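Below is structure.cif, holding mmCIF, C-alpha atoms and all ligand atoms.
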```cif
data_target
#
loop_
_atom_site.group_PDB
_atom_site.id
_atom_site.type_symbol
_atom_site.label_atom_id
_atom_site.label_comp_id
_atom_site.auth_asym_id
_atom_site.auth_seq_id
_atom_site.Cartn_x
_atom_site.Cartn_y
_atom_site.Cartn_z
ATOM 1 C CA MET A 544 -25.861 214.856 -138.359
ATOM 2 C CA LEU A 545 -26.649 211.186 -138.184
ATOM 3 C CA VAL A 546 -23.908 209.255 -136.356
ATOM 4 C CA THR A 547 -23.541 205.931 -134.568
ATOM 5 C CA GLY A 548 -24.200 205.465 -130.894
ATOM 6 C CA LYS A 549 -20.552 204.490 -130.428
ATOM 7 C CA GLN A 550 -19.322 207.809 -131.827
ATOM 8 C CA ILE A 551 -21.493 209.724 -129.363
ATOM 9 C CA LEU A 552 -20.828 207.513 -126.348
ATOM 10 C CA ASP A 553 -17.069 207.061 -126.780
ATOM 11 C CA ALA A 554 -16.793 210.865 -126.821
ATOM 12 C CA ALA A 555 -18.962 211.052 -123.692
ATOM 13 C CA ARG A 556 -16.786 208.484 -121.902
ATOM 14 C CA ALA A 557 -13.626 210.376 -122.852
ATOM 15 C CA GLY A 558 -15.181 213.658 -121.745
ATOM 16 C CA GLY A 559 -16.685 212.401 -118.484
ATOM 17 C CA TYR A 560 -20.292 213.269 -119.277
ATOM 18 C CA ALA A 561 -23.429 211.348 -120.261
ATOM 19 C CA VAL A 562 -25.788 211.658 -123.206
ATOM 20 C CA GLY A 563 -29.559 211.564 -122.864
ATOM 21 C CA ALA A 564 -31.328 208.745 -124.704
ATOM 22 C CA PHE A 565 -34.958 209.722 -125.005
ATOM 23 C CA ASN A 566 -37.750 207.239 -125.734
ATOM 24 C CA CYS A 567 -40.062 208.687 -128.363
ATOM 25 C CA HIS A 568 -43.617 207.387 -128.176
ATOM 26 C CA THR A 569 -44.962 209.734 -130.815
ATOM 27 C CA LEU A 570 -43.212 210.979 -133.933
ATOM 28 C CA ASP A 571 -43.765 214.528 -132.734
ATOM 29 C CA MET A 572 -41.455 213.720 -129.804
ATOM 30 C CA VAL A 573 -38.606 212.987 -132.213
ATOM 31 C CA THR A 574 -38.529 216.504 -133.583
ATOM 32 C CA ALA A 575 -39.061 217.954 -130.086
ATOM 33 C CA VAL A 576 -35.965 216.102 -128.790
ATOM 34 C CA VAL A 577 -33.817 217.125 -131.754
ATOM 35 C CA GLU A 578 -34.906 220.764 -131.445
ATOM 36 C CA VAL A 579 -33.808 220.871 -127.815
ATOM 37 C CA ALA A 580 -30.510 219.106 -128.543
ATOM 38 C CA THR A 581 -29.847 221.659 -131.289
ATOM 39 C CA ALA A 582 -30.614 224.596 -128.980
ATOM 40 C CA GLU A 583 -28.390 223.083 -126.263
ATOM 41 C CA ARG A 584 -25.612 222.140 -128.742
ATOM 42 C CA ALA A 585 -25.779 218.639 -127.314
ATOM 43 C CA PRO A 586 -25.301 215.197 -128.856
ATOM 44 C CA VAL A 587 -28.444 213.141 -128.355
ATOM 45 C CA ILE A 588 -29.891 209.652 -128.822
ATOM 46 C CA ILE A 589 -33.408 209.107 -130.147
ATOM 47 C CA GLN A 590 -34.707 205.714 -129.095
ATOM 48 C CA PHE A 591 -37.713 203.572 -129.898
ATOM 49 C CA THR A 592 -38.900 200.377 -128.262
ATOM 50 C CA GLU A 593 -40.477 197.698 -130.410
ATOM 51 C CA GLY A 594 -43.838 198.789 -128.939
ATOM 52 C CA SER A 595 -43.486 202.376 -130.200
ATOM 53 C CA ILE A 596 -42.329 201.097 -133.557
ATOM 54 C CA LYS A 597 -45.435 198.894 -133.776
ATOM 55 C CA THR A 598 -47.590 201.962 -133.098
ATOM 56 C CA ASN A 599 -46.048 204.166 -135.773
ATOM 57 C CA GLY A 600 -44.505 201.622 -138.145
ATOM 58 C CA TRP A 601 -40.851 201.044 -139.033
ATOM 59 C CA GLU A 602 -41.005 203.226 -142.136
ATOM 60 C CA TYR A 603 -42.331 206.302 -140.366
ATOM 61 C CA CYS A 604 -40.101 205.945 -137.288
ATOM 62 C CA SER A 605 -37.095 205.586 -139.527
ATOM 63 C CA ALA A 606 -38.063 208.340 -141.974
ATOM 64 C CA VAL A 607 -38.853 210.907 -139.285
ATOM 65 C CA ALA A 608 -35.858 210.129 -137.096
ATOM 66 C CA ARG A 609 -33.418 209.989 -140.007
ATOM 67 C CA THR A 610 -34.737 213.245 -141.491
ATOM 68 C CA ALA A 611 -34.446 214.972 -138.111
ATOM 69 C CA ALA A 612 -30.974 213.562 -137.472
ATOM 70 C CA ILE A 613 -29.544 214.259 -140.929
ATOM 71 C CA GLY A 614 -30.812 217.834 -140.803
ATOM 72 C CA ALA A 615 -29.527 218.544 -137.293
ATOM 73 C CA PRO A 616 -26.296 220.441 -136.679
ATOM 74 C CA VAL A 617 -25.558 218.200 -133.660
ATOM 75 C CA PRO A 618 -24.729 214.462 -133.571
ATOM 76 C CA VAL A 619 -27.866 212.311 -133.352
ATOM 77 C CA ALA A 620 -27.977 208.502 -133.108
ATOM 78 C CA ILE A 621 -31.114 206.443 -133.730
ATOM 79 C CA HIS A 622 -31.341 203.521 -131.330
ATOM 80 C CA LEU A 623 -33.516 200.424 -130.930
ATOM 81 C CA ASP A 624 -34.254 200.139 -127.193
ATOM 82 C CA HIS A 625 -34.647 196.626 -125.705
ATOM 83 C CA GLY A 626 -34.356 194.716 -128.968
ATOM 84 C CA PRO A 627 -35.946 191.374 -128.051
ATOM 85 C CA ASN A 628 -34.294 189.147 -130.677
ATOM 86 C CA PHE A 629 -31.961 188.976 -133.681
ATOM 87 C CA GLU A 630 -34.771 189.462 -136.231
ATOM 88 C CA THR A 631 -35.968 192.753 -134.726
ATOM 89 C CA VAL A 632 -32.403 194.030 -134.536
ATOM 90 C CA LEU A 633 -31.900 193.212 -138.223
ATOM 91 C CA ARG A 634 -35.043 195.151 -139.113
ATOM 92 C CA ALA A 635 -33.701 198.158 -137.220
ATOM 93 C CA ILE A 636 -30.399 197.929 -139.089
ATOM 94 C CA ARG A 637 -32.215 197.600 -142.402
ATOM 95 C CA HIS A 638 -34.267 200.703 -141.557
ATOM 96 C CA GLY A 639 -31.203 202.820 -140.954
ATOM 97 C CA PHE A 640 -30.932 202.796 -137.164
ATOM 98 C CA THR A 641 -27.349 203.527 -136.111
ATOM 99 C CA SER A 642 -27.481 201.779 -132.745
ATOM 100 C CA VAL A 643 -29.286 198.683 -131.488
ATOM 101 C CA MET A 644 -29.808 197.081 -128.111
ATOM 102 C CA ILE A 645 -30.067 193.323 -127.890
ATOM 103 C CA ASP A 646 -31.631 192.571 -124.516
ATOM 104 C CA GLY A 647 -30.748 189.019 -123.561
ATOM 105 C CA SER A 648 -30.569 189.932 -119.883
ATOM 106 C CA GLU A 649 -33.264 187.439 -118.863
ATOM 107 C CA LEU A 650 -31.607 184.557 -120.737
ATOM 108 C CA PRO A 651 -29.082 182.143 -119.208
ATOM 109 C CA TYR A 652 -25.543 183.566 -119.547
ATOM 110 C CA ALA A 653 -24.454 181.379 -122.485
ATOM 111 C CA GLU A 654 -27.581 182.285 -124.460
ATOM 112 C CA ASN A 655 -27.145 185.987 -123.727
ATOM 113 C CA VAL A 656 -23.567 185.745 -125.017
ATOM 114 C CA ALA A 657 -24.610 183.783 -128.109
ATOM 115 C CA VAL A 658 -27.351 186.168 -129.237
ATOM 116 C CA THR A 659 -25.273 189.240 -128.396
ATOM 117 C CA ARG A 660 -22.282 187.945 -130.391
ATOM 118 C CA LYS A 661 -24.528 187.243 -133.353
ATOM 119 C CA VAL A 662 -25.943 190.775 -133.172
ATOM 120 C CA VAL A 663 -22.485 192.306 -132.782
ATOM 121 C CA GLU A 664 -21.241 190.504 -135.915
ATOM 122 C CA ALA A 665 -24.190 191.592 -138.034
ATOM 123 C CA ALA A 666 -24.385 195.143 -136.666
ATOM 124 C CA HIS A 667 -20.672 195.808 -136.945
ATOM 125 C CA ALA A 668 -20.685 194.555 -140.522
ATOM 126 C CA ALA A 669 -23.311 197.227 -141.205
ATOM 127 C CA GLY A 670 -21.480 199.945 -139.239
ATOM 128 C CA VAL A 671 -24.068 199.952 -136.433
ATOM 129 C CA SER A 672 -23.259 200.041 -132.697
ATOM 130 C CA VAL A 673 -24.537 197.572 -130.107
ATOM 131 C CA GLU A 674 -25.783 197.840 -126.526
ATOM 132 C CA ALA A 675 -26.261 194.672 -124.453
ATOM 133 C CA GLU A 676 -27.307 194.043 -120.850
ATOM 134 C CA ILE A 677 -26.110 191.844 -118.016
ATOM 135 C CA GLY A 678 -27.871 191.686 -114.680
ATOM 136 C CA HIS A 679 -31.430 192.852 -115.188
ATOM 137 C CA VAL A 680 -33.033 196.264 -114.714
ATOM 138 C CA GLY A 681 -36.494 195.548 -113.314
ATOM 139 C CA GLY A 682 -39.780 197.266 -114.067
ATOM 140 C CA VAL A 683 -41.661 196.937 -117.306
ATOM 141 C CA GLU A 684 -40.548 199.083 -120.254
ATOM 142 C CA ASP A 685 -43.308 199.400 -122.828
ATOM 143 C CA ASP A 686 -44.670 195.912 -122.130
ATOM 144 C CA GLN A 687 -41.182 194.379 -122.217
ATOM 145 C CA GLY A 688 -39.194 192.908 -119.348
ATOM 146 C CA SER A 689 -40.180 191.571 -115.959
ATOM 147 C CA VAL A 690 -40.942 193.478 -112.773
ATOM 148 C CA HIS A 691 -38.092 192.037 -110.710
ATOM 149 C CA GLY A 692 -34.511 192.920 -111.465
ATOM 150 C CA TRP A 693 -31.154 191.711 -110.202
ATOM 151 C CA MET A 694 -27.881 193.537 -109.891
ATOM 152 C CA THR A 695 -24.996 193.298 -112.339
ATOM 153 C CA GLU A 696 -21.997 191.441 -110.878
ATOM 154 C CA PRO A 697 -18.780 193.266 -111.888
ATOM 155 C CA ALA A 698 -16.919 190.018 -112.716
ATOM 156 C CA ASP A 699 -19.821 188.813 -114.885
ATOM 157 C CA ALA A 700 -19.900 192.177 -116.656
ATOM 158 C CA GLU A 701 -16.196 191.885 -117.523
ATOM 159 C CA GLN A 702 -16.609 188.314 -118.776
ATOM 160 C CA PHE A 703 -19.679 189.301 -120.813
ATOM 161 C CA TRP A 704 -17.830 192.226 -122.410
ATOM 162 C CA GLN A 705 -14.932 189.964 -123.363
ATOM 163 C CA ASP A 706 -17.137 187.110 -124.584
ATOM 164 C CA ALA A 707 -19.657 189.165 -126.570
ATOM 165 C CA GLY A 708 -17.867 192.386 -127.615
ATOM 166 C CA MET A 709 -20.687 194.927 -127.377
ATOM 167 C CA ASP A 710 -19.942 198.670 -127.718
ATOM 168 C CA TYR A 711 -21.711 199.755 -124.517
ATOM 169 C CA LEU A 712 -23.150 197.879 -121.595
ATOM 170 C CA ALA A 713 -26.435 198.292 -119.716
ATOM 171 C CA THR A 714 -25.939 197.622 -116.031
ATOM 172 C CA ALA A 715 -28.311 197.059 -113.133
ATOM 173 C CA PHE A 716 -27.364 198.888 -109.946
ATOM 174 C CA GLY A 717 -30.685 199.788 -108.334
ATOM 175 C CA THR A 718 -32.651 201.617 -111.004
ATOM 176 C CA ALA A 719 -35.934 200.337 -112.452
ATOM 177 C CA HIS A 720 -38.149 201.248 -115.383
ATOM 178 C CA GLY A 721 -41.150 203.430 -114.525
ATOM 179 C CA PHE A 722 -41.671 205.724 -111.539
ATOM 180 C CA TYR A 723 -40.332 204.700 -108.119
ATOM 181 C CA LYS A 724 -42.644 204.102 -105.155
ATOM 182 C CA GLU A 725 -39.964 205.432 -102.836
ATOM 183 C CA GLU A 726 -36.680 207.213 -103.462
ATOM 184 C CA PRO A 727 -34.240 204.811 -105.146
ATOM 185 C CA LYS A 728 -30.940 204.112 -103.464
ATOM 186 C CA LEU A 729 -28.479 203.366 -106.216
ATOM 187 C CA ASP A 730 -25.501 201.090 -105.564
ATOM 188 C CA LEU A 731 -22.992 203.610 -106.899
ATOM 189 C CA ASP A 732 -19.931 201.660 -105.760
ATOM 190 C CA ARG A 733 -21.099 198.868 -108.036
ATOM 191 C CA VAL A 734 -20.908 201.266 -111.007
ATOM 192 C CA SER A 735 -17.303 202.095 -110.083
ATOM 193 C CA LEU A 736 -16.402 198.416 -109.743
ATOM 194 C CA ILE A 737 -17.939 197.641 -113.135
ATOM 195 C CA ALA A 738 -16.263 200.653 -114.775
ATOM 196 C CA ARG A 739 -12.880 199.510 -113.456
ATOM 197 C CA ARG A 740 -13.270 196.172 -115.277
ATOM 198 C CA VAL A 741 -15.317 197.098 -118.358
ATOM 199 C CA HIS A 742 -13.659 199.755 -120.496
ATOM 200 C CA ILE A 743 -16.601 200.827 -122.646
ATOM 201 C CA PRO A 744 -19.457 203.297 -121.965
ATOM 202 C CA LEU A 745 -21.955 202.116 -119.333
ATOM 203 C CA VAL A 746 -25.697 202.614 -119.714
ATOM 204 C CA MET A 747 -28.238 203.552 -117.033
ATOM 205 C CA HIS A 748 -31.792 202.400 -117.682
ATOM 206 C CA GLY A 749 -34.714 203.639 -115.607
ATOM 207 C CA GLY A 750 -33.589 207.268 -115.489
ATOM 208 C CA SER A 751 -37.019 208.726 -114.630
ATOM 209 C CA GLY A 752 -37.451 209.824 -111.045
ATOM 210 C CA VAL A 753 -33.846 209.278 -109.952
ATOM 211 C CA PRO A 754 -32.782 212.296 -107.855
ATOM 212 C CA ASP A 755 -30.351 214.581 -109.667
ATOM 213 C CA GLU A 756 -27.494 214.070 -107.212
ATOM 214 C CA GLN A 757 -27.626 210.290 -107.708
ATOM 215 C CA VAL A 758 -27.650 210.723 -111.483
ATOM 216 C CA LEU A 759 -24.603 213.006 -111.251
ATOM 217 C CA ALA A 760 -22.809 210.507 -109.016
ATOM 218 C CA ALA A 761 -23.562 207.662 -111.440
ATOM 219 C CA ILE A 762 -22.184 209.723 -114.344
ATOM 220 C CA ALA A 763 -19.052 210.535 -112.366
ATOM 221 C CA ARG A 764 -18.523 206.795 -111.911
ATOM 222 C CA GLY A 765 -18.893 205.773 -115.551
ATOM 223 C CA ILE A 766 -22.472 206.101 -116.812
ATOM 224 C CA CYS A 767 -22.413 207.587 -120.333
ATOM 225 C CA LYS A 768 -25.908 206.830 -121.680
ATOM 226 C CA PHE A 769 -28.858 207.990 -119.599
ATOM 227 C CA ASN A 770 -32.240 206.516 -120.631
ATOM 228 C CA VAL A 771 -35.443 208.473 -119.999
ATOM 229 C CA ALA A 772 -38.957 207.372 -120.959
ATOM 230 C CA THR A 773 -41.525 207.663 -118.147
ATOM 231 C CA GLU A 774 -40.856 211.314 -117.282
ATOM 232 C CA LEU A 775 -41.466 212.276 -120.912
ATOM 233 C CA LYS A 776 -44.769 210.408 -121.029
ATOM 234 C CA ASP A 777 -45.814 211.897 -117.697
ATOM 235 C CA ALA A 778 -44.998 215.477 -118.723
ATOM 236 C CA TRP A 779 -46.759 215.017 -122.063
ATOM 237 C CA ALA A 780 -49.943 213.565 -120.532
ATOM 238 C CA ARG A 781 -50.169 216.073 -117.689
ATOM 239 C CA ALA A 782 -49.804 219.052 -120.013
ATOM 240 C CA LEU A 783 -52.386 217.669 -122.417
ATOM 241 C CA ARG A 784 -54.849 216.903 -119.614
ATOM 242 C CA THR A 785 -54.475 220.363 -118.080
ATOM 243 C CA PHE A 786 -54.884 222.110 -121.409
ATOM 244 C CA LEU A 787 -58.013 220.166 -122.350
ATOM 245 C CA ASN A 788 -59.556 220.643 -118.906
ATOM 246 C CA GLU A 789 -58.961 224.377 -119.148
ATOM 247 C CA ASN A 790 -59.961 224.655 -122.811
ATOM 248 C CA PRO A 791 -62.738 222.104 -123.299
ATOM 249 C CA ASP A 792 -63.852 223.658 -126.593
ATOM 250 C CA GLU A 793 -60.449 223.853 -128.257
ATOM 251 C CA MET A 794 -60.157 221.337 -131.061
ATOM 252 C CA ASP A 795 -57.319 222.577 -133.254
ATOM 253 C CA PRO A 796 -54.669 219.843 -132.919
ATOM 254 C CA ARG A 797 -51.888 222.386 -133.280
ATOM 255 C CA ARG A 798 -53.087 224.323 -130.239
ATOM 256 C CA VAL A 799 -54.105 221.227 -128.263
ATOM 257 C CA MET A 800 -50.730 219.542 -128.751
ATOM 258 C CA ALA A 801 -48.509 222.579 -128.242
ATOM 259 C CA PRO A 802 -48.360 222.498 -124.403
ATOM 260 C CA ALA A 803 -47.576 218.762 -124.427
ATOM 261 C CA ARG A 804 -44.722 219.345 -126.849
ATOM 262 C CA THR A 805 -43.392 222.183 -124.697
ATOM 263 C CA ALA A 806 -43.606 219.990 -121.579
ATOM 264 C CA VAL A 807 -41.602 217.231 -123.283
ATOM 265 C CA LYS A 808 -39.013 219.751 -124.422
ATOM 266 C CA ASN A 809 -38.624 221.100 -120.891
ATOM 267 C CA VAL A 810 -37.864 217.613 -119.520
ATOM 268 C CA VAL A 811 -35.398 216.920 -122.341
ATOM 269 C CA ARG A 812 -33.608 220.234 -121.702
ATOM 270 C CA ASP A 813 -33.327 219.534 -117.950
ATOM 271 C CA LYS A 814 -31.944 216.040 -118.540
ATOM 272 C CA ILE A 815 -29.458 217.188 -121.186
ATOM 273 C CA ARG A 816 -28.115 219.794 -118.767
ATOM 274 C CA LEU A 817 -28.052 217.251 -115.928
ATOM 275 C CA CYS A 818 -26.024 214.870 -118.100
ATOM 276 C CA GLY A 819 -23.410 217.536 -118.771
ATOM 277 C CA SER A 820 -23.790 217.124 -122.532
ATOM 278 C CA ALA A 821 -24.979 220.688 -123.244
ATOM 279 C CA GLY A 822 -22.365 222.536 -125.293
ATOM 280 C CA LYS A 823 -20.523 219.301 -126.169
ATOM 281 C CA ALA A 824 -21.589 219.241 -129.852
HETATM 282 P P1 LIG B 901 -37.767 205.126 -117.437
HETATM 283 O O1 LIG B 901 -39.078 204.860 -118.066
HETATM 284 O O2 LIG B 901 -37.736 204.732 -116.008
HETATM 285 O O3 LIG B 901 -37.289 206.515 -117.660
HETATM 286 O O4 LIG B 901 -36.699 204.143 -118.141
HETATM 287 C C1 LIG B 901 -36.360 204.358 -119.473
HETATM 288 C C2 LIG B 901 -35.488 203.292 -120.002
HETATM 289 O O5 LIG B 901 -34.632 202.769 -119.321
HETATM 290 C C3 LIG B 901 -35.663 202.891 -121.403
HETATM 291 O O6 LIG B 901 -34.932 201.766 -121.727
#
```

Could you rewrite the structure in this file as structure tokens?
Ligand code: 13P
Amino acid sequence: MLVTGKQILDAARAGGYAVGAFNCHTLDMVTAVVEVATAERAPVIIQFTEGSIKTNGWEYCSAVARTAAIGAPVPVAIHLDHGPNFETVLRAIRHGFTSVMIDGSELPYAENVAVTRKVVEAAHAAGVSVEAEIGHVGGVEDDQGSVHGWMTEPADAEQFWQDAGMDYLATAFGTAHGFYKEEPKLDLDRVSLIARRVHIPLVMHGGSGVPDEQVLAAIARGICKFNVATELKDAWARALRTFLNENPDEMDPRRVMAPARTAVKNVVRDKIRLCGSAGKA
């Protein structure tokens, strides 16, 4: 069933678990994610960056994701990841997304508030939920964002929530987009301090490569949306490469693509179970 991000994430916050938000770079990944969520009886969030939408087109992203979500027996939200401006957010709303991120995290505070408020007004009028970010998660996500991040200050997060009124808040506490060069050391106390002041679901970007015990600790302290992109791409590409190296003459796309799809599904299943959302739908 197609639902809003807020419906899924408010339930996660109340239940003390997180929900996986999986970046889909191909349309085949959308159905793979929904199949796993269905098998795990888990709510799930399908997300697209503007870059993936440019590759496949708004119409196809929307049509495939909405068909998969509407037909699923579990709650599925369709989310715009790292919406760069008001216009792109409006396109997502017009194409039937049920959740949008406006990423003003690199703007001066007043500008971040202004654009987020504008998005909140428009999205809420259309029944769509909103994610916004304060502090900045570093690393580059699908050509967007800058390499260097800075941590979210708990007092700023509270002010931002009150000034802009988003439904869930992306926070920076030591994660980064892409794989880590060395093991990340998350500032988990910062998550607790933010959660004490900001009474909406918190979002963790840069989920790939974070050790399981740190993910679990972050969820215990208030993370409700767990974003994963790089690990899906990595699993997909490795499986495809291995298959083609071992079967250089195979050319049937159904057989060539099958191991990559299975590899993506395995990552999604692991992350859903790690989040504690299996069995929650
Ligand atoms: P990773 O690519 O590090 O998993 O980050 C995903 C993300 O945060 C998408 O917004």

Counting only C-alpha atoms and all ligand atoms, which residues of chain A fall within 9 Å of ligand LIG 901 (chain B), and what is the closest atom pair for each with its distance in Å at one decimal, ordered by chain and rising number, as JSON lines?
```
{"residue": "A:Ala564", "atom": "CA", "partner": "B:LIG901", "partner_atom": "C3", "distance": 8.0}
{"residue": "A:Phe565", "atom": "CA", "partner": "B:LIG901", "partner_atom": "C3", "distance": 7.8}
{"residue": "A:Asn566", "atom": "CA", "partner": "B:LIG901", "partner_atom": "C3", "distance": 6.5}
{"residue": "A:Gln590", "atom": "CA", "partner": "B:LIG901", "partner_atom": "C3", "distance": 8.2}
{"residue": "A:Phe591", "atom": "CA", "partner": "B:LIG901", "partner_atom": "C3", "distance": 8.8}
{"residue": "A:Thr592", "atom": "CA", "partner": "B:LIG901", "partner_atom": "O6", "distance": 7.8}
{"residue": "A:Asp624", "atom": "CA", "partner": "B:LIG901", "partner_atom": "O6", "distance": 5.7}
{"residue": "A:His625", "atom": "CA", "partner": "B:LIG901", "partner_atom": "O6", "distance": 6.5}
{"residue": "A:Val680", "atom": "CA", "partner": "B:LIG901", "partner_atom": "O5", "distance": 8.1}
{"residue": "A:Gly682", "atom": "CA", "partner": "B:LIG901", "partner_atom": "O2", "distance": 8.0}
{"residue": "A:Val683", "atom": "CA", "partner": "B:LIG901", "partner_atom": "O1", "distance": 8.4}
{"residue": "A:Glu684", "atom": "CA", "partner": "B:LIG901", "partner_atom": "C3", "distance": 6.3}
{"residue": "A:Asp685", "atom": "CA", "partner": "B:LIG901", "partner_atom": "O1", "distance": 8.4}
{"residue": "A:Thr718", "atom": "CA", "partner": "B:LIG901", "partner_atom": "O2", "distance": 7.8}
{"residue": "A:Ala719", "atom": "CA", "partner": "B:LIG901", "partner_atom": "O2", "distance": 5.9}
{"residue": "A:His720", "atom": "CA", "partner": "B:LIG901", "partner_atom": "O2", "distance": 3.6}
{"residue": "A:Gly721", "atom": "CA", "partner": "B:LIG901", "partner_atom": "O2", "distance": 3.9}
{"residue": "A:Phe722", "atom": "CA", "partner": "B:LIG901", "partner_atom": "O2", "distance": 6.0}
{"residue": "A:Tyr723", "atom": "CA", "partner": "B:LIG901", "partner_atom": "O2", "distance": 8.3}
{"residue": "A:Val746", "atom": "CA", "partner": "B:LIG901", "partner_atom": "O5", "distance": 8.9}
{"residue": "A:Met747", "atom": "CA", "partner": "B:LIG901", "partner_atom": "O5", "distance": 6.8}
{"residue": "A:His748", "atom": "CA", "partner": "B:LIG901", "partner_atom": "O5", "distance": 3.3}
{"residue": "A:Gly749", "atom": "CA", "partner": "B:LIG901", "partner_atom": "O2", "distance": 3.2}
{"residue": "A:Gly750", "atom": "CA", "partner": "B:LIG901", "partner_atom": "O3", "distance": 4.4}
{"residue": "A:Ser751", "atom": "CA", "partner": "B:LIG901", "partner_atom": "O3", "distance": 3.8}
{"residue": "A:Gly752", "atom": "CA", "partner": "B:LIG901", "partner_atom": "O2", "distance": 7.1}
{"residue": "A:Val753", "atom": "CA", "partner": "B:LIG901", "partner_atom": "O2", "distance": 8.5}
{"residue": "A:Phe769", "atom": "CA", "partner": "B:LIG901", "partner_atom": "O5", "distance": 7.8}
{"residue": "A:Asn770", "atom": "CA", "partner": "B:LIG901", "partner_atom": "C2", "distance": 4.6}
{"residue": "A:Val771", "atom": "CA", "partner": "B:LIG901", "partner_atom": "O3", "distance": 3.6}
{"residue": "A:Ala772", "atom": "CA", "partner": "B:LIG901", "partner_atom": "O3", "distance": 3.8}
{"residue": "A:Thr773", "atom": "CA", "partner": "B:LIG901", "partner_atom": "O1", "distance": 3.7}
{"residue": "A:Glu774", "atom": "CA", "partner": "B:LIG901", "partner_atom": "O3", "distance": 6.0}
{"residue": "A:Leu775", "atom": "CA", "partner": "B:LIG901", "partner_atom": "O3", "distance": 7.8}
{"residue": "A:Lys776", "atom": "CA", "partner": "B:LIG901", "partner_atom": "O1", "distance": 8.5}
```

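Residues matched by the PyMOL selection byres (((chain A and resi 639-641) around 6) and not hetatm) in this file are A:Thr547, A:Ala620, A:Ile621, A:His622, A:Ala635, A:Ile636, A:Arg637, A:His638, A:Ser642, A:Val671.
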
Using C-alpha atoms, can you export the residues from the last selection as a compact mmCIF listing (two decimals), in the coordinates of the input?
```txt
# COMPACT_ATOMS: atom_id res chain seq x y z
CA THR A 547 -23.54 205.93 -134.57
CA ALA A 620 -27.98 208.50 -133.11
CA ILE A 621 -31.11 206.44 -133.73
CA HIS A 622 -31.34 203.52 -131.33
CA ALA A 635 -33.70 198.16 -137.22
CA ILE A 636 -30.40 197.93 -139.09
CA ARG A 637 -32.22 197.60 -142.40
CA HIS A 638 -34.27 200.70 -141.56
CA SER A 642 -27.48 201.78 -132.74
CA VAL A 671 -24.07 199.95 -136.43
```

Leaving out Val656 (chain A) and any residue of its chain fewer than 5 positions from it, which residues lie within 8 Å of it when counting all atoms listed in the file, given as an MDAnalysis selection string? chainID A and resid 703 706:707

For the structure shown, which residues end up in the PyMOL selection byres (((chain A and resi 755-766) around 7) and not hetatm)? Put them as a PyMOL selection string, please? chain A and resi 559-561+731+734-735+738+744-747+753-754+767-768

A straight line from CA of Ala668 (chain A) to CA of Met644 (chain A) spans 15.6 Å

Would you write out, as a PDB file with C-alpha atoms, keeping the file's coordinate frame, every residue that the PyMOL selection byres (((chain A and resi 809-819) around 7) and not hetatm) captures in this file?
```pdb
ATOM      1  CA  TYR A 560     -20.292 213.269-119.277  1.00  0.00           C
ATOM      2  CA  ALA A 561     -23.429 211.348-120.261  1.00  0.00           C
ATOM      3  CA  VAL A 562     -25.788 211.658-123.206  1.00  0.00           C
ATOM      4  CA  GLY A 563     -29.559 211.564-122.864  1.00  0.00           C
ATOM      5  CA  VAL A 576     -35.965 216.102-128.790  1.00  0.00           C
ATOM      6  CA  VAL A 579     -33.808 220.871-127.815  1.00  0.00           C
ATOM      7  CA  LEU A 775     -41.466 212.276-120.912  1.00  0.00           C
ATOM      8  CA  THR A 805     -43.392 222.183-124.697  1.00  0.00           C
ATOM      9  CA  ALA A 806     -43.606 219.990-121.579  1.00  0.00           C
ATOM     10  CA  VAL A 807     -41.602 217.231-123.283  1.00  0.00           C
ATOM     11  CA  LYS A 808     -39.013 219.751-124.422  1.00  0.00           C
ATOM     12  CA  SER A 820     -23.790 217.124-122.532  1.00  0.00           C
ATOM     13  CA  ALA A 821     -24.979 220.688-123.244  1.00  0.00           C
TER      14      ALA A 821
END
```

Point-to-point distance in Å for CA of Pro727 (chain A) and CA of Ala575 (chain A):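 According to the coordinates, CA of Ala575 (chain A) and CA of Pro727 (chain A) are separated by 28.6 Å.
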
Nearest candidate to Cys604 (chain A) (options A:Asp571, A:Phe629, A:Arg740, A:Ala582; using all atoms listed in the file):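 The closest residue to Cys604 (chain A) is A:Asp571.
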
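Separating CA of Arg733 (chain A) from CA of Val643 (chain A) is a distance of 24.8 Å.
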
From the options A:Ile677, A:Ala611, A:Met800, A:Ala557, which residue's atoms come nearest to Ala653 (chain A), counting only C-alpha atoms? A:Ile677

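Distance check against Gly822 (chain A) using only C-alpha atoms: of A:Leu552, A:Val617, A:Leu570, A:Val607, the minimum falls on A:Val617.
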
For a quick check of understanding, using all atoms listed in the file, which of A:Glu593, A:Glu676, A:Glu602, A:Glu664 has the smallest distance to Leu623 (chain A)? A:Glu593

Output as AutoDock Vina command-line options the centre and edge lengths (Å, one decimal) of the box along x, y and z of the file that holds every listed atom of region 590-602 of chain A after adding 4 Å on each side.
```
--center_x -41.1 --center_y 201.7 --center_z -135.2 --size_x 20.9 --size_y 16.0 --size_z 21.9
```

Nearby residues (all atoms listed in the file) at most 9 Å from Thr610 (chain A), same-chain spacing under 5 positions excluded, as a list in words: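 Contacts, in chain order: Leu545, Ser605 and Ala615 of chain A.
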